[in-house]
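Peer 1: Input structure: work-v1.pdb, which contains PDB, C-alpha atoms.
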ATOM      1  CA  MET M   1       0.000   0.000   0.000
ATOM      2  CA  GLN M   2       2.870   2.343   0.820
ATOM      3  CA  GLY M   3       4.442   1.859  -2.629
ATOM      4  CA  ARG M   4       1.225   2.724  -4.492
ATOM      5  CA  PHE M   5       0.768   5.922  -2.477
ATOM      6  CA  GLU M   6       4.321   7.040  -3.229
ATOM      7  CA  ARG M   7       3.886   6.298  -6.962
ATOM      8  CA  GLU M   8       0.649   8.296  -7.091
ATOM      9  CA  ARG M   9       2.250  11.155  -5.203
ATOM     10  CA  SER M  10       5.299  11.284  -7.469
ATOM     11  CA  CYS M  11       3.016  11.121 -10.523
ATOM     12  CA  ARG M  12       1.028  14.117  -9.198
ATOM     13  CA  VAL M  13       4.244  16.039  -8.593
ATOM     14  CA  VAL M  14       5.439  15.375 -12.159
ATOM     15  CA  ILE M  15       2.091  16.412 -13.665
ATOM     16  CA  THR M  16       1.904  19.563 -11.539
ATOM     17  CA  THR M  17       5.469  20.526 -12.427
ATOM     18  CA  ALA M  18       4.873  19.931 -16.144
ATOM     19  CA  PHE M  19       1.683  22.011 -16.077
ATOM     20  CA  GLY M  20       3.442  24.869 -14.287
ATOM     21  CA  LEU M  21       6.301  24.743 -16.773
ATOM     22  CA  LEU M  22       3.885  24.904 -19.720
ATOM     23  CA  LEU M  23       2.106  27.911 -18.215
ATOM     24  CA  THR M  24       5.411  29.694 -17.662
ATOM     25  CA  ILE M  25       6.582  29.039 -21.228
ATOM     26  CA  GLY M  26       3.267  30.285 -22.614
ATOM     27  CA  TYR M  27       3.406  33.456 -20.531
ATOM     28  CA  LEU M  28       6.990  34.166 -21.602
ATOM     29  CA  ALA M  29       6.134  33.596 -25.266
ATOM     30  CA  VAL M  30       3.272  36.099 -25.136
ATOM     31  CA  THR M  31       5.352  38.653 -23.234
ATOM     32  CA  VAL M  32       8.340  38.419 -25.584
ATOM     33  CA  SER M  33       6.069  38.695 -28.608
ATOM     34  CA  ALA M  34       4.365  41.801 -27.231
ATOM     35  CA  CYS M  35       7.707  43.420 -26.358
ATOM     36  CA  ARG M  36       9.128  42.769 -29.829
ATOM     37  CA  ASN M  37       6.105  44.383 -31.442
ATOM     38  CA  GLY M  38       6.156  47.315 -29.010
ATOM     39  CA  GLU M  39       2.609  46.560 -27.919
ATOM     40  CA  ALA M  40       3.493  46.194 -24.252
ATOM     41  CA  ASN M  41       4.603  49.833 -24.071
ATOM     42  CA  ARG M  42       1.482  51.641 -25.134
ATOM     43  CA  ILE M  43      -1.708  49.911 -24.091
ATOM     44  CA  ASP M  44      -4.767  51.532 -22.549
ATOM     45  CA  GLU M  45      -6.233  48.911 -20.207
ATOM     46  CA  THR M  46      -9.713  50.465 -20.240
ATOM     47  CA  SER M  47     -10.205  50.423 -24.010
ATOM     48  CA  GLY M  48      -7.393  48.075 -25.086
ATOM     49  CA  ALA M  49      -6.325  50.592 -27.712
ATOM     50  CA  PRO M  50      -2.704  51.655 -28.146
ATOM     51  CA  ALA M  51      -1.895  54.964 -26.465
ATOM     52  CA  ALA M  52      -0.541  57.877 -28.498
ATOM     53  CA  SER M  53       2.763  58.334 -26.663
ATOM     54  CA  VAL M  54       4.543  57.091 -23.583
ATOM     55  CA  PHE M  55       5.322  60.695 -22.637
ATOM     56  CA  THR M  56       2.312  62.606 -21.383
ATOM     57  CA  ASP M  57       1.325  65.205 -18.823
ATOM     58  CA  TYR M  58      -1.495  65.142 -16.290
ATOM     59  CA  LYS M  59      -4.042  65.933 -19.008
ATOM     60  CA  GLY M  60      -3.265  62.678 -20.821
ATOM     61  CA  GLU M  61      -3.398  60.486 -17.717
ATOM     62  CA  LYS M  62      -6.489  58.593 -16.686
ATOM     63  CA  PRO M  63      -7.331  55.623 -14.469
ATOM     64  CA  GLY M  64      -6.514  52.277 -16.055
ATOM     65  CA  ALA M  65      -3.848  53.623 -18.386
ATOM     66  CA  PHE M  66      -0.171  52.923 -17.838
ATOM     67  CA  GLN M  67       3.047  53.778 -19.620
ATOM     68  CA  LYS M  68       6.072  51.545 -19.806
ATOM     69  CA  ILE M  69       9.045  53.573 -20.977
ATOM     70  CA  THR M  70      11.799  51.492 -22.543
ATOM     71  CA  PRO M  71      15.262  52.614 -23.722
ATOM     72  CA  ARG M  72      14.083  52.811 -27.341
ATOM     73  CA  ASP M  73      11.450  55.390 -26.289
ATOM     74  CA  LEU M  74      14.143  57.741 -24.942
ATOM     75  CA  PRO M  75      16.113  60.196 -27.073
ATOM     76  CA  PRO M  76      19.742  59.312 -27.721
ATOM     77  CA  PRO M  77      22.321  60.592 -25.211
ATOM     78  CA  TYR M  78      23.220  64.275 -25.543
ATOM     79  CA  ALA M  79      20.367  64.878 -28.023
ATOM     80  CA  SER M  80      19.292  67.955 -26.058
ATOM     81  CA  GLU M  81      20.963  70.569 -23.902
ATOM     82  CA  SER M  82      21.161  70.053 -20.172
ATOM     83  CA  VAL M  83      19.028  72.327 -18.055
ATOM     84  CA  ASP M  84      19.137  73.456 -14.474
ATOM     85  CA  ASN M  85      15.667  73.077 -13.017
ATOM     86  CA  GLY M  86      16.702  73.284  -9.401
ATOM     87  CA  PRO M  87      14.330  74.363  -6.643
ATOM     88  CA  LYS M  88      13.734  78.031  -6.007
ATOM     89  CA  LEU M  89      12.669  79.464  -2.672
ATOM     90  CA  VAL M  90       9.486  81.495  -2.917
ATOM     91  CA  PRO M  91       8.008  83.648  -0.180
ATOM     92  CA  ARG M  92       5.167  82.101   1.798
ATOM     93  CA  PRO M  93       1.846  83.902   1.303
ATOM     94  CA  ALA M  94       0.635  85.649   4.450
ATOM     95  CA  ASP M  95      -2.497  83.504   4.721
ATOM     96  CA  ALA M  96      -0.790  80.143   4.095
ATOM     97  CA  TRP M  97      -1.232  78.289   7.363
ATOM     98  CA  PRO M  98      -2.143  74.670   8.012
ATOM     99  CA  GLN M  99      -5.842  74.131   8.680
ATOM    100  CA  VAL M 100      -6.488  72.689  12.145
ATOM    101  CA  PRO M 101      -9.600  71.541  14.030
ATOM    102  CA  PRO M 102     -11.422  73.955  16.344
ATOM    103  CA  GLY M 103      -9.571  74.428  19.624
ATOM    104  CA  PHE M 104      -6.111  74.107  18.043
ATOM    105  CA  ARG M 105      -3.870  76.776  16.590
ATOM    106  CA  VAL M 106      -0.720  76.976  14.515
ATOM    107  CA  GLU M 107       2.057  79.471  15.200
ATOM    108  CA  GLN M 108       5.437  80.031  13.612
ATOM    109  CA  TYR M 109       8.049  78.812  16.084
ATOM    110  CA  ALA M 110      11.262  79.757  14.246
ATOM    111  CA  ALA M 111      12.237  81.602  11.073
ATOM    112  CA  GLY M 112      15.427  82.382   9.204
ATOM    113  CA  LEU M 113      16.995  78.939   9.692
ATOM    114  CA  ASP M 114      19.569  78.080   7.046
ATOM    115  CA  ASN M 115      18.662  74.660   5.603
ATOM    116  CA  PRO M 116      17.429  72.916   8.785
ATOM    117  CA  ARG M 117      17.483  69.115   8.544
ATOM    118  CA  GLU M 118      16.378  67.755  11.890
ATOM    119  CA  ILE M 119      14.593  68.797  15.077
ATOM    120  CA  ARG M 120      15.152  66.933  18.360
ATOM    121  CA  THR M 121      13.299  67.448  21.617
ATOM    122  CA  ALA M 122      15.207  67.270  24.898
ATOM    123  CA  PRO M 123      13.626  65.630  27.979
ATOM    124  CA  ASN M 124      12.955  69.094  29.427
ATOM    125  CA  GLY M 125      11.109  70.243  26.254
ATOM    126  CA  ASP M 126      13.923  72.250  24.649
ATOM    127  CA  LEU M 127      14.153  71.938  20.857
ATOM    128  CA  PHE M 128      17.434  71.484  19.006
ATOM    129  CA  VAL M 129      17.580  72.219  15.282
ATOM    130  CA  ALA M 130      20.422  70.894  13.176
TER     131      ALA M 130
END
Could you rewrite the structure in this file as structure tokens?
Peer 2:
Amino acid sequence: MQGRFERERSCRVVITTAFGLLLTIGYLAVTVSACRNGEANRIDETSGAPAASVFTDYKGEKPGAFQKITPRDLPPPYASESVDNGPKLVPRPADAWPQVPPGFRVEQYAAGLDNPREIRTAPNGDLFVA
């Protein structure tokens, strides 16, 4: 009885492994085919239609759409000039304060700090800014 059980079990393992292998090969074949044709890069999941471009702004985005940008979608190196789009400090509007529930208030605690990175509170309540 023990031998029959082990044979059946090993047969189930072989069948399960073969089925999993076939599914994996099928999935890879479909994926590779779609990537070669470029179809995987520009698909709208809601309509199934190819999207116009992988590069879009917020106006072209909608739920269910995704963009996969691949190296062939990018311009060649040094095709455009480098730019400096670093951050710029702008003055805070006078009425720009966090909204809080009734009974709470927000006040400015410190100003004029040069690039503060961290605030630590001491056991006595003192604040240290680094």
Peer 1: To one decimal place, how far is CA of Asp73 in chain M from CA of Tyr27 in chain M in Å?
Peer 2: 24.1 Å
Peer 1: Can you tell me, as a list in words, what residues are no more than 8 Å from range 106-116 of chain M when counting only C-alpha atoms, ignoring any on the same chain fewer than 2 positions away?
Peer 2: Trp97, Pro98, Val100, Phe104, Glu118, Val129 and Ala130 of chain M
Peer 1: Store the residues picked out above, limited to C-alpha atoms, as an mmCIF file, in the coordinates of the input.
Peer 2:
data_model
loop_
_atom_site.group_PDB
_atom_site.id
_atom_site.type_symbol
_atom_site.label_atom_id
_atom_site.label_comp_id
_atom_site.auth_asym_id
_atom_site.auth_seq_id
_atom_site.Cartn_x
_atom_site.Cartn_y
_atom_site.Cartn_z
ATOM 1 C CA TRP M 97 -1.232 78.289 7.363
ATOM 2 C CA PRO M 98 -2.143 74.670 8.012
ATOM 3 C CA VAL M 100 -6.488 72.689 12.145
ATOM 4 C CA PHE M 104 -6.111 74.107 18.043
ATOM 5 C CA GLU M 118 16.378 67.755 11.890
ATOM 6 C CA VAL M 129 17.580 72.219 15.282
ATOM 7 C CA ALA M 130 20.422 70.894 13.176
#
Peer 1: May I ask for the distance between CA of Gly86 in chain M and CA of Lys68 in chain M, given in Å to one decimal place?
Peer 2: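 Pair CA of Gly86 in chain M / CA of Lys68 in chain M returns 26.3 Å.
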